[in-house]
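**Student:** Structure: coords_14.cif, mmCIF, C-alpha atoms.
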data_protein
#
loop_
_atom_site.label_atom_id
_atom_site.label_comp_id
_atom_site.auth_asym_id
_atom_site.auth_seq_id
_atom_site.Cartn_x
_atom_site.Cartn_y
_atom_site.Cartn_z
CA MET A 1 -15.60 -25.42 3.22
CA LYS A 2 -15.39 -21.70 2.49
CA LYS A 3 -12.01 -20.18 1.92
CA SER A 4 -11.27 -17.41 4.38
CA ILE A 5 -9.22 -14.26 3.92
CA LEU A 6 -8.16 -11.40 6.17
CA ILE A 7 -8.11 -8.01 4.40
CA THR A 8 -6.65 -5.00 6.15
CA GLY A 9 -7.65 -1.44 5.28
CA ALA A 10 -11.01 -2.68 4.01
CA THR A 11 -13.00 0.55 4.21
CA SER A 12 -11.88 2.38 1.06
CA GLY A 13 -10.11 2.09 -2.25
CA ILE A 14 -8.50 -1.23 -3.11
CA GLY A 15 -9.32 -2.70 0.30
CA ARG A 16 -13.05 -2.11 0.01
CA ALA A 17 -13.12 -3.27 -3.61
CA ALA A 18 -11.22 -6.44 -2.64
CA THR A 19 -13.60 -7.06 0.25
CA ILE A 20 -16.57 -6.91 -2.11
CA GLU A 21 -14.81 -8.99 -4.78
CA PHE A 22 -13.77 -11.85 -2.48
CA ALA A 23 -17.10 -11.87 -0.61
CA SER A 24 -19.01 -12.07 -3.91
CA GLN A 25 -16.89 -15.11 -4.83
CA GLY A 26 -17.96 -16.94 -1.68
CA TYR A 27 -14.99 -16.22 0.54
CA GLN A 28 -15.42 -15.69 4.25
CA VAL A 29 -13.88 -12.22 4.47
CA PHE A 30 -12.51 -10.77 7.70
CA ALA A 31 -12.38 -7.08 6.87
CA THR A 32 -10.57 -4.70 9.20
CA TYR A 33 -11.66 -1.17 10.02
CA ARG A 34 -10.64 1.55 12.50
CA ALA A 35 -13.56 3.96 12.87
CA ASP A 36 -16.70 2.47 14.39
CA ASP A 37 -18.95 4.09 11.77
CA HIS A 38 -17.45 1.74 9.15
CA ARG A 39 -18.59 -1.42 10.89
CA GLY A 40 -22.18 -1.20 9.65
CA GLU A 41 -21.29 -0.71 6.00
CA LEU A 42 -18.98 -3.73 6.09
CA ALA A 43 -21.46 -5.88 7.98
CA ALA A 44 -24.07 -5.18 5.30
CA ILE A 45 -21.99 -7.10 2.74
CA ASP A 46 -22.76 -10.84 2.60
CA ASN A 47 -19.90 -13.09 3.75
CA VAL A 48 -18.07 -10.18 5.42
CA HIS A 49 -17.10 -10.21 9.10
CA PRO A 50 -15.97 -6.75 10.24
CA ILE A 51 -12.95 -6.79 12.54
CA ARG A 52 -12.01 -3.64 14.41
CA MET A 53 -8.25 -3.27 14.19
CA ASP A 54 -5.83 -0.38 14.24
CA VAL A 55 -2.94 -2.08 12.43
CA THR A 56 -0.42 -0.28 14.63
CA ASP A 57 -2.01 -1.33 17.93
CA ALA A 58 -0.75 -4.59 19.47
CA ALA A 59 -3.83 -5.08 21.65
CA ASP A 60 -6.14 -4.59 18.66
CA LEU A 61 -4.11 -7.13 16.71
CA GLU A 62 -4.39 -9.74 19.46
CA ARG A 63 -8.15 -9.19 19.73
CA ALA A 64 -8.48 -9.51 15.95
CA TYR A 65 -6.51 -12.75 15.97
CA ALA A 66 -8.73 -14.19 18.69
CA ALA A 67 -11.90 -13.26 16.80
CA VAL A 68 -10.69 -14.77 13.52
CA ALA A 69 -9.34 -17.90 15.23
CA GLU A 70 -12.70 -18.50 16.91
CA ALA A 71 -14.56 -18.03 13.62
CA VAL A 72 -12.40 -20.30 11.45
CA GLY A 73 -11.68 -22.98 14.06
CA GLY A 74 -9.57 -25.86 12.85
CA ASP A 75 -10.03 -24.88 9.20
CA GLY A 76 -7.53 -22.07 9.60
CA LEU A 77 -7.05 -19.06 7.36
CA TYR A 78 -6.42 -19.37 3.62
CA ALA A 79 -5.03 -15.90 2.90
CA VAL A 80 -3.90 -12.59 4.36
CA LEU A 81 -4.07 -9.46 2.20
CA ASN A 82 -1.92 -6.73 3.75
CA ASN A 83 -3.47 -3.70 2.11
CA ALA A 84 -3.64 -0.99 4.79
CA GLY A 85 -1.50 2.00 3.89
CA ILE A 86 -1.10 5.72 4.43
CA THR A 87 0.84 8.41 2.63
CA TYR A 88 2.54 11.67 3.46
CA SER A 89 3.88 14.34 1.12
CA ALA A 90 6.15 17.22 2.05
CA PRO A 91 9.47 18.68 0.91
CA PHE A 92 12.36 16.95 2.62
CA GLU A 93 13.36 20.22 4.25
CA TYR A 94 10.12 20.25 6.24
CA LEU A 95 9.42 16.56 6.80
CA ASP A 96 7.83 15.87 10.18
CA GLU A 97 9.43 12.92 11.97
CA LYS A 98 6.25 11.89 13.80
CA ARG A 99 4.30 11.65 10.56
CA ALA A 100 7.20 9.91 8.82
CA ARG A 101 7.34 7.26 11.55
CA ALA A 102 3.57 6.76 11.27
CA VAL A 103 3.97 5.96 7.57
CA MET A 104 6.62 3.35 8.34
CA GLU A 105 4.51 1.85 11.14
CA VAL A 106 1.43 1.39 8.97
CA ASN A 107 3.07 0.53 5.66
CA VAL A 108 5.98 -1.65 6.82
CA MET A 109 5.70 -2.75 10.42
CA ALA A 110 2.00 -3.62 10.21
CA PRO A 111 2.42 -6.25 7.43
CA TYR A 112 5.22 -7.80 9.49
CA ARG A 113 3.22 -7.90 12.73
CA ILE A 114 -0.04 -9.03 11.13
CA THR A 115 1.55 -11.81 9.10
CA GLN A 116 3.60 -13.07 12.02
CA THR A 117 0.56 -13.06 14.31
CA PHE A 118 -1.63 -15.01 11.88
CA ILE A 119 0.95 -17.66 10.93
CA PRO A 120 -0.67 -20.29 13.21
CA LEU A 121 -3.98 -19.97 11.35
CA LEU A 122 -2.25 -20.15 7.96
CA VAL A 123 -0.41 -23.28 9.08
CA ALA A 124 -3.70 -24.73 10.35
CA HIS A 125 -5.19 -24.30 6.88
CA ASN A 126 -2.26 -26.16 5.34
CA LYS A 127 -2.79 -29.23 7.52
CA SER A 128 -5.96 -30.22 5.69
CA ASN A 129 -5.60 -28.55 2.26
CA HIS A 130 -3.33 -29.34 -0.67
CA VAL A 131 -3.65 -25.76 -1.96
CA LYS A 132 -1.50 -23.94 0.55
CA ALA A 133 -2.12 -20.68 2.38
CA ARG A 134 -0.76 -17.40 1.10
CA VAL A 135 0.13 -13.86 2.15
CA VAL A 136 -0.24 -10.98 -0.30
CA ASN A 137 1.54 -7.69 0.42
CA ILE A 138 0.39 -4.61 -1.47
CA ALA A 139 3.36 -2.49 -2.51
CA SER A 140 3.30 0.38 -5.01
CA TRP A 141 5.01 1.84 -8.05
CA ALA A 142 6.56 4.16 -5.43
CA GLY A 143 8.59 1.19 -4.25
CA LEU A 144 10.18 0.87 -7.67
CA MET A 145 11.23 4.46 -8.29
CA GLY A 146 11.82 7.50 -6.08
CA SER A 147 9.93 10.74 -6.62
CA PRO A 148 10.15 14.20 -5.08
CA PHE A 149 8.14 15.15 -1.99
CA ILE A 150 7.13 11.61 -0.92
CA ALA A 151 10.36 10.50 0.75
CA PHE A 152 8.83 8.29 3.42
CA TYR A 153 6.08 6.91 1.22
CA ASN A 154 8.87 5.90 -1.18
CA ALA A 155 10.93 4.54 1.71
CA SER A 156 8.03 2.50 3.07
CA LYS A 157 7.15 0.93 -0.27
CA PHE A 158 10.77 0.12 -1.12
CA ALA A 159 10.88 -1.51 2.32
CA VAL A 160 7.70 -3.51 1.67
CA ILE A 161 9.23 -4.94 -1.49
CA GLY A 162 12.38 -5.99 0.37
CA LEU A 163 10.38 -7.33 3.30
CA THR A 164 8.17 -9.38 1.00
CA GLU A 165 11.08 -10.87 -0.89
CA SER A 166 12.64 -12.02 2.37
CA MET A 167 9.29 -13.37 3.58
CA PHE A 168 9.09 -15.42 0.39
CA TYR A 169 11.99 -17.58 1.55
CA ASP A 170 11.10 -17.77 5.24
CA LEU A 171 7.39 -18.52 4.83
CA ARG A 172 8.11 -21.09 2.15
CA LEU A 173 9.62 -23.20 4.93
CA LEU A 174 6.10 -23.27 6.41
CA ASN A 175 4.47 -24.05 3.02
CA ILE A 176 2.97 -20.54 2.89
CA HIS A 177 3.09 -18.70 -0.44
CA THR A 178 4.22 -15.07 -0.36
CA VAL A 179 3.02 -12.71 -3.07
CA LEU A 180 4.10 -9.17 -3.96
CA ALA A 181 1.34 -7.15 -5.65
CA ILE A 182 2.26 -3.80 -7.18
CA PRO A 183 -0.60 -1.57 -8.26
CA GLY A 184 0.13 1.34 -10.51
CA ILE A 185 -1.45 4.71 -9.87
CA THR A 186 -4.97 3.67 -8.93
CA LYS A 187 -8.05 5.87 -8.82
CA THR A 188 -8.42 5.75 -5.05
CA PRO A 189 -8.60 8.32 -2.22
CA LEU A 190 -4.89 7.66 -1.57
CA LEU A 191 -4.09 9.21 -4.94
CA ALA A 192 -5.77 12.45 -3.92
CA LYS A 193 -4.08 12.38 -0.54
CA THR A 194 -0.67 11.84 -2.13
CA THR A 195 -0.79 14.40 -4.92
CA GLY A 196 -4.06 16.23 -4.79
CA ASP A 197 -4.05 18.00 -1.45
CA GLY A 198 -1.52 20.53 -2.63
CA SER A 199 -2.02 23.07 0.16
CA ALA A 200 -1.88 20.77 3.19
CA PRO A 201 1.92 20.29 3.31
CA LEU A 202 2.35 24.06 2.91
CA ASP A 203 0.09 24.92 5.83
CA ALA A 204 2.64 23.68 8.37
CA MET A 205 5.54 25.59 6.83
CA PRO A 206 6.83 29.04 7.71
CA ALA A 207 6.32 31.81 5.17
CA GLU A 208 9.75 31.26 3.60
CA GLY A 209 8.89 27.61 2.99
CA ARG A 210 5.55 28.42 1.40
CA ALA A 211 7.26 30.91 -0.89
CA ARG A 212 9.83 28.30 -1.90
CA TYR A 213 7.44 25.42 -2.59
CA GLN A 214 4.03 26.95 -3.43
CA ASP A 215 4.38 26.75 -7.21
CA LEU A 216 5.77 23.22 -7.09
CA PHE A 217 2.91 21.93 -4.92
CA ASP A 218 0.33 23.73 -7.04
CA HIS A 219 1.72 21.80 -10.00
CA TYR A 220 1.68 18.61 -7.90
CA ALA A 221 -2.06 19.12 -7.31
CA THR A 222 -2.63 19.75 -11.03
CA MET A 223 -0.88 16.49 -11.87
CA SER A 224 -3.31 14.65 -9.63
CA ALA A 225 -6.35 16.22 -11.27
CA ARG A 226 -5.05 15.24 -14.68
CA SER A 227 -4.27 11.71 -13.51
CA GLU A 228 -7.89 11.10 -12.59
CA ALA A 229 -8.81 11.41 -16.28
CA MET A 230 -6.10 9.08 -17.59
CA PRO A 231 -7.72 5.99 -19.16
CA MET A 232 -4.68 3.83 -18.41
CA LEU A 233 -5.21 4.12 -14.64
CA ALA A 234 -6.88 1.10 -13.07
CA THR A 235 -9.95 1.39 -10.87
CA PRO A 236 -9.98 -0.31 -7.46
CA GLU A 237 -12.45 -2.83 -8.84
CA LYS A 238 -10.07 -3.88 -11.63
CA VAL A 239 -7.21 -4.21 -9.15
CA ALA A 240 -9.42 -6.26 -6.81
CA HIS A 241 -10.39 -8.60 -9.64
CA LYS A 242 -6.71 -9.19 -10.42
CA LEU A 243 -5.99 -9.83 -6.75
CA HIS A 244 -8.75 -12.44 -6.65
CA ARG A 245 -7.28 -14.24 -9.65
CA ILE A 246 -3.83 -14.22 -8.03
CA VAL A 247 -5.12 -15.55 -4.70
CA GLU A 248 -7.04 -18.29 -6.48
CA LYS A 249 -3.94 -19.71 -8.18
CA PRO A 250 -2.67 -22.90 -6.52
CA LYS A 251 0.91 -21.67 -6.97
CA PRO A 252 0.84 -17.88 -7.42
CA ARG A 253 3.70 -16.02 -9.03
CA PHE A 254 5.78 -14.02 -6.54
CA LYS A 255 5.75 -10.63 -8.26
CA ASN A 256 2.63 -9.22 -9.90
CA ASN A 257 2.31 -5.79 -11.52
CA LEU A 258 -1.36 -4.86 -11.39
CA GLY A 259 -1.37 -1.91 -13.79
CA ILE A 260 0.05 -0.93 -17.17
CA ASP A 261 1.93 1.94 -15.58
CA ALA A 262 3.39 -0.34 -12.88
CA SER A 263 4.70 -2.66 -15.59
CA LEU A 264 6.09 0.30 -17.53
CA ILE A 265 7.94 1.62 -14.48
CA ASP A 266 9.21 -1.84 -13.51
CA HIS A 267 10.36 -3.03 -16.91
CA VAL A 268 11.27 0.19 -18.72
CA ILE A 269 11.69 3.32 -16.62
CA THR A 270 13.73 1.76 -13.81
CA ARG A 271 16.13 0.42 -16.45
CA LEU A 272 16.80 3.81 -17.99
CA PRO A 273 20.17 5.41 -17.33
CA TRP A 274 20.16 7.42 -14.11
CA ALA A 275 20.53 10.74 -15.93
CA ALA A 276 17.48 9.99 -18.06
CA ARG A 277 15.38 9.14 -15.00
CA VAL A 278 16.46 12.33 -13.26
CA ALA A 279 15.65 14.43 -16.31
CA MET A 280 12.23 12.77 -16.63
CA ASN A 281 11.31 13.47 -13.00
CA ARG A 282 12.62 17.02 -13.07
CA ARG A 283 10.56 17.75 -16.16
CA MET A 284 7.44 15.98 -14.87
CA TYR A 285 7.46 17.79 -11.54
CA GLN A 286 8.69 21.07 -13.08
CA LEU A 287 11.66 21.13 -10.73
CA ASP A 288 13.73 23.06 -13.26
CA SER A 289 11.29 25.97 -12.95
CA ALA A 290 12.38 26.44 -9.32
CA HIS A 291 15.30 28.72 -8.56
CA PRO A 292 16.89 27.46 -5.34
CA ALA A 293 19.43 30.27 -5.17
CA SER A 294 16.69 32.88 -4.99
CA HIS A 295 14.93 31.00 -2.18
CA ALA A 296 17.89 29.93 -0.10
CA PRO A 297 16.79 28.74 3.36
CA LYS A 298 17.63 30.97 6.23
CA ASP A 299 19.82 29.73 9.02
CA ARG A 300 17.84 27.96 11.75
CA PRO A 301 18.56 28.34 15.44
#
Go ahead and render the structure in this file as structure tokens.
**Tutor:**
Amino acid sequence: MKKSILITGATSGIGRAATIEFASQGYQVFATYRADDHRGELAAIDNVHPIRMDVTDAADLERAYAAVAEAVGGDGLYAVLNNAGITYSAPFEYLDEKRARAVMEVNVMAPYRITQTFIPLLVAHNKSNHVKARVVNIASWAGLMGSPFIAFYNASKFAVIGLTESMFYDLRLLNIHTVLAIPGITKTPLLAKTTGDGSAPLDAMPAEGRARYQDLFDHYATMSARSEAMPMLATPEKVAHKLHRIVEKPKPRFKNNLGIDASLIDHVITRLPWAARVAMNRRMYQLDSAHPASHAPKDRP
């Protein structure tokens, strides 16, 4: 019997690499996508069953469940990999609530809804297998340490870590393993979207906002370009290989740092005194080069 896994956000970055990795290892992979033009590229991969699903849409989720349930039958589902995620960067002063809520919906509420929906299939797997089903939630280094300009990405990933820790206890009552996977900064399109698109957050600001934040976001974009060349950063393929090894373990460890930088942040940087962490971030993001008094915001109506 083939093991089966549901992978959300399977069209790029870690999700696509994981889809290829698990399929190449003989898994029956249910890979979710949103845009119809991605279906063909997923279907071309052996052992992959494309599933159209907007992770924020309840009707899509129900249709996806029905399709997977029909395919796996009484064998159930071995694993769920909650990978779908989006990011949003902007100065707190100009954060857009609609976009902030979208980040929370995709990054936090979707893992909750998807896992809860697929519990019956995970339980079905457990009825005839001594190696029990598991759920893997992808968090981020951004859930370990706050950074400027990504308030709701930080908030969502901190929330995922808390959600996953609580799930660990609740799902254990159903003999389902819960795993927290924390990639470091990975060479994926999300990296460019988070730090590389320096002008996009500025475009929606008034002139006074652009004047206040232009230099800081130019530096933010430069940081991204430099990050791409850092040898310590993991590729999606390396992360996917680690995820496969974790999912294969009969009794996986709860918390797994998937990159050197994630381990460094978790075990060293987050344990620094608060003043040292603040100084590090201010220096890294060149916040001390800004002069708030000379760019004081005008009163708003």
**Student:** Closest to Ala221 (chain A) among A:Pro273, A:Tyr285, A:Val278, A:Thr117, using all atoms listed in the file?
**Tutor:** A:Tyr285
**Student:** The PyMOL selection byres ((chain A and resi 139-152) around 8) - which residues does that actually catch in the file I just gave you? List them as an NGL selection string.
**Tutor:** :A and (87-92 or 100 or 103-104 or 137-138 or 153-161 or 180-185 or 194 or 262 or 265-266 or 270 or 281 or 285)
**Student:** Could you give me, as a list in words, the residues within 12 Å of Arg63 (chain A), counting only C-alpha atoms and dropping anything in the same chain fewer than 3 positions from it?
**Tutor:**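 The residues satisfying every condition are Thr32, Ile51, Arg52, Met53, Asp54, Val55, Asp57, Ala58, Ala59, Asp60, Ala66, Ala67, Val68, Ala69, Glu70, Ile114, Thr117 and Phe118 of chain A.
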**Student:** For a test of reading the model, state the distance in Å between CA of Asp218 (chain A) and CA of Ile86 (chain A), rounded to one decimal.
**Tutor:** 21.4 Å
**Student:** Considering only C-alpha atoms, state which residue in the set A:Ala207, A:Ala35, A:Leu272, A:Ala23 is at the smallest distance from Val48 (chain A).
**Tutor:**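 Closest to Val48 (chain A), using only C-alpha atoms: A:Ala23.
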**Student:** Given only C-alpha atoms as the basis, pick out the residue of A:Pro111, A:Gly74, A:Pro252, A:Gly40 nearest to Lys127 (chain A).
**Tutor:**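 Among the listed residues, A:Gly74 lies closest to Lys127 (chain A).
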**Student:** Report the residues retrieved by the PyMOL selection byres ((chain A and resi 116) around 12) from the displayed file, expressed as a list in words.
**Tutor:** Leu61, Glu62, Tyr65, Val80, Asn82, Met109, Ala110, Pro111, Tyr112, Arg113, Ile114, Thr115, Thr117, Phe118, Ile119, Pro120, Leu121, Leu122, Val123, Val135, Met167, Asp170, Leu171, Leu174 and Ile176 of chain A
**Student:** Any chance you could model all heavy atoms for region 254-265 of chain A and send them as a PDB file, keeping the file's coordinate frame?
**Tutor:**
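Result file is result.pdb:
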ATOM      1  N   PHE A 254       5.360 -14.903  -7.630  1.00  0.00           N
ATOM      2  CA  PHE A 254       5.780 -14.020  -6.540  1.00  0.00           C
ATOM      3  C   PHE A 254       5.446 -12.566  -6.838  1.00  0.00           C
ATOM      4  O   PHE A 254       4.788 -11.892  -6.063  1.00  0.00           O
ATOM      5  CB  PHE A 254       7.271 -14.165  -6.263  1.00  0.00           C
ATOM      6  CG  PHE A 254       7.804 -13.080  -5.354  1.00  0.00           C
ATOM      7  CD1 PHE A 254       7.448 -13.043  -4.009  1.00  0.00           C
ATOM      8  CD2 PHE A 254       8.630 -12.078  -5.851  1.00  0.00           C
ATOM      9  CE1 PHE A 254       7.907 -12.033  -3.170  1.00  0.00           C
ATOM     10  CE2 PHE A 254       9.098 -11.061  -5.025  1.00  0.00           C
ATOM     11  CZ  PHE A 254       8.729 -11.038  -3.684  1.00  0.00           C
ATOM     12  N   LYS A 255       5.890 -12.061  -7.969  1.00  0.00           N
ATOM     13  CA  LYS A 255       5.750 -10.630  -8.260  1.00  0.00           C
ATOM     14  C   LYS A 255       4.674 -10.401  -9.312  1.00  0.00           C
ATOM     15  O   LYS A 255       4.681 -11.017 -10.375  1.00  0.00           O
ATOM     16  CB  LYS A 255       7.085 -10.062  -8.752  1.00  0.00           C
ATOM     17  CG  LYS A 255       7.093  -8.560  -8.970  1.00  0.00           C
ATOM     18  CD  LYS A 255       8.490  -8.114  -9.414  1.00  0.00           C
ATOM     19  CE  LYS A 255       8.585  -6.620  -9.575  1.00  0.00           C
ATOM     20  NZ  LYS A 255       9.930  -6.199 -10.028  1.00  0.00           N
ATOM     21  N   ASN A 256       3.749  -9.471  -9.009  1.00  0.00           N
ATOM     22  CA  ASN A 256       2.630  -9.220  -9.900  1.00  0.00           C
ATOM     23  C   ASN A 256       2.408  -7.712 -10.036  1.00  0.00           C
ATOM     24  O   ASN A 256       2.041  -7.032  -9.068  1.00  0.00           O
ATOM     25  CB  ASN A 256       1.355  -9.854  -9.339  1.00  0.00           C
ATOM     26  CG  ASN A 256       1.468 -11.351  -9.171  1.00  0.00           C
ATOM     27  OD1 ASN A 256       1.087 -12.111 -10.040  1.00  0.00           O
ATOM     28  ND2 ASN A 256       2.006 -11.789  -8.030  1.00  0.00           N
ATOM     29  N   ASN A 257       2.643  -7.180 -11.232  1.00  0.00           N
ATOM     30  CA  ASN A 257       2.310  -5.790 -11.520  1.00  0.00           C
ATOM     31  C   ASN A 257       0.843  -5.717 -11.918  1.00  0.00           C
ATOM     32  O   ASN A 257       0.412  -6.423 -12.828  1.00  0.00           O
ATOM     33  CB  ASN A 257       3.194  -5.241 -12.645  1.00  0.00           C
ATOM     34  CG  ASN A 257       4.642  -5.080 -12.212  1.00  0.00           C
ATOM     35  OD1 ASN A 257       4.920  -4.562 -11.141  1.00  0.00           O
ATOM     36  ND2 ASN A 257       5.571  -5.555 -13.035  1.00  0.00           N
ATOM     37  N   LEU A 258       0.087  -4.865 -11.226  1.00  0.00           N
ATOM     38  CA  LEU A 258      -1.360  -4.860 -11.390  1.00  0.00           C
ATOM     39  C   LEU A 258      -1.870  -3.737 -12.295  1.00  0.00           C
ATOM     40  O   LEU A 258      -3.081  -3.544 -12.410  1.00  0.00           O
ATOM     41  CB  LEU A 258      -2.036  -4.745 -10.029  1.00  0.00           C
ATOM     42  CG  LEU A 258      -1.651  -5.816  -9.003  1.00  0.00           C
ATOM     43  CD1 LEU A 258      -2.433  -5.618  -7.713  1.00  0.00           C
ATOM     44  CD2 LEU A 258      -1.878  -7.218  -9.557  1.00  0.00           C
ATOM     45  N   GLY A 259      -0.956  -2.986 -12.906  1.00  0.00           N
ATOM     46  CA  GLY A 259      -1.370  -1.910 -13.790  1.00  0.00           C
ATOM     47  C   GLY A 259      -0.371  -1.746 -14.921  1.00  0.00           C
ATOM     48  O   GLY A 259       0.803  -2.129 -14.810  1.00  0.00           O
ATOM     49  N   ILE A 260      -0.837  -1.169 -16.032  1.00  0.00           N
ATOM     50  CA  ILE A 260       0.050  -0.930 -17.170  1.00  0.00           C
ATOM     51  C   ILE A 260       1.200  -0.035 -16.767  1.00  0.00           C
ATOM     52  O   ILE A 260       2.358  -0.256 -17.139  1.00  0.00           O
ATOM     53  CB  ILE A 260      -0.742  -0.300 -18.334  1.00  0.00           C
ATOM     54  CG1 ILE A 260      -1.809  -1.269 -18.839  1.00  0.00           C
ATOM     55  CG2 ILE A 260       0.202   0.100 -19.465  1.00  0.00           C
ATOM     56  CD1 ILE A 260      -2.754  -0.673 -19.855  1.00  0.00           C
ATOM     57  N   ASP A 261       0.883   0.996 -15.974  1.00  0.00           N
ATOM     58  CA  ASP A 261       1.930   1.940 -15.580  1.00  0.00           C
ATOM     59  C   ASP A 261       2.932   1.289 -14.630  1.00  0.00           C
ATOM     60  O   ASP A 261       4.128   1.583 -14.685  1.00  0.00           O
ATOM     61  CB  ASP A 261       1.323   3.199 -14.960  1.00  0.00           C
ATOM     62  CG  ASP A 261       0.333   2.908 -13.855  1.00  0.00           C
ATOM     63  OD1 ASP A 261      -0.280   1.833 -13.867  1.00  0.00           O
ATOM     64  OD2 ASP A 261       0.155   3.766 -12.966  1.00  0.00           O
ATOM     65  N   ALA A 262       2.461   0.379 -13.766  1.00  0.00           N
ATOM     66  CA  ALA A 262       3.390  -0.340 -12.880  1.00  0.00           C
ATOM     67  C   ALA A 262       4.358  -1.183 -13.691  1.00  0.00           C
ATOM     68  O   ALA A 262       5.558  -1.233 -13.411  1.00  0.00           O
ATOM     69  CB  ALA A 262       2.618  -1.199 -11.894  1.00  0.00           C
ATOM     70  N   SER A 263       3.842  -1.853 -14.719  1.00  0.00           N
ATOM     71  CA  SER A 263       4.700  -2.660 -15.590  1.00  0.00           C
ATOM     72  C   SER A 263       5.683  -1.786 -16.346  1.00  0.00           C
ATOM     73  O   SER A 263       6.867  -2.147 -16.506  1.00  0.00           O
ATOM     74  CB  SER A 263       3.841  -3.454 -16.588  1.00  0.00           C
ATOM     75  OG  SER A 263       3.060  -4.427 -15.921  1.00  0.00           O
ATOM     76  N   LEU A 264       5.216  -0.614 -16.799  1.00  0.00           N
ATOM     77  CA  LEU A 264       6.090   0.300 -17.530  1.00  0.00           C
ATOM     78  C   LEU A 264       7.233   0.787 -16.638  1.00  0.00           C
ATOM     79  O   LEU A 264       8.402   0.808 -17.050  1.00  0.00           O
ATOM     80  CB  LEU A 264       5.273   1.491 -18.032  1.00  0.00           C
ATOM     81  CG  LEU A 264       6.032   2.564 -18.819  1.00  0.00           C
ATOM     82  CD1 LEU A 264       6.552   1.981 -20.127  1.00  0.00           C
ATOM     83  CD2 LEU A 264       5.124   3.757 -19.088  1.00  0.00           C
ATOM     84  N   ILE A 265       6.905   1.156 -15.406  1.00  0.00           N
ATOM     85  CA  ILE A 265       7.940   1.620 -14.480  1.00  0.00           C
ATOM     86  C   ILE A 265       8.921   0.495 -14.160  1.00  0.00           C
ATOM     87  O   ILE A 265      10.136   0.682 -14.166  1.00  0.00           O
ATOM     88  CB  ILE A 265       7.293   2.158 -13.191  1.00  0.00           C
ATOM     89  CG1 ILE A 265       6.556   3.466 -13.475  1.00  0.00           C
ATOM     90  CG2 ILE A 265       8.350   2.394 -12.098  1.00  0.00           C
ATOM     91  CD1 ILE A 265       5.685   3.944 -12.327  1.00  0.00           C
TER      92      ILE A 265
END
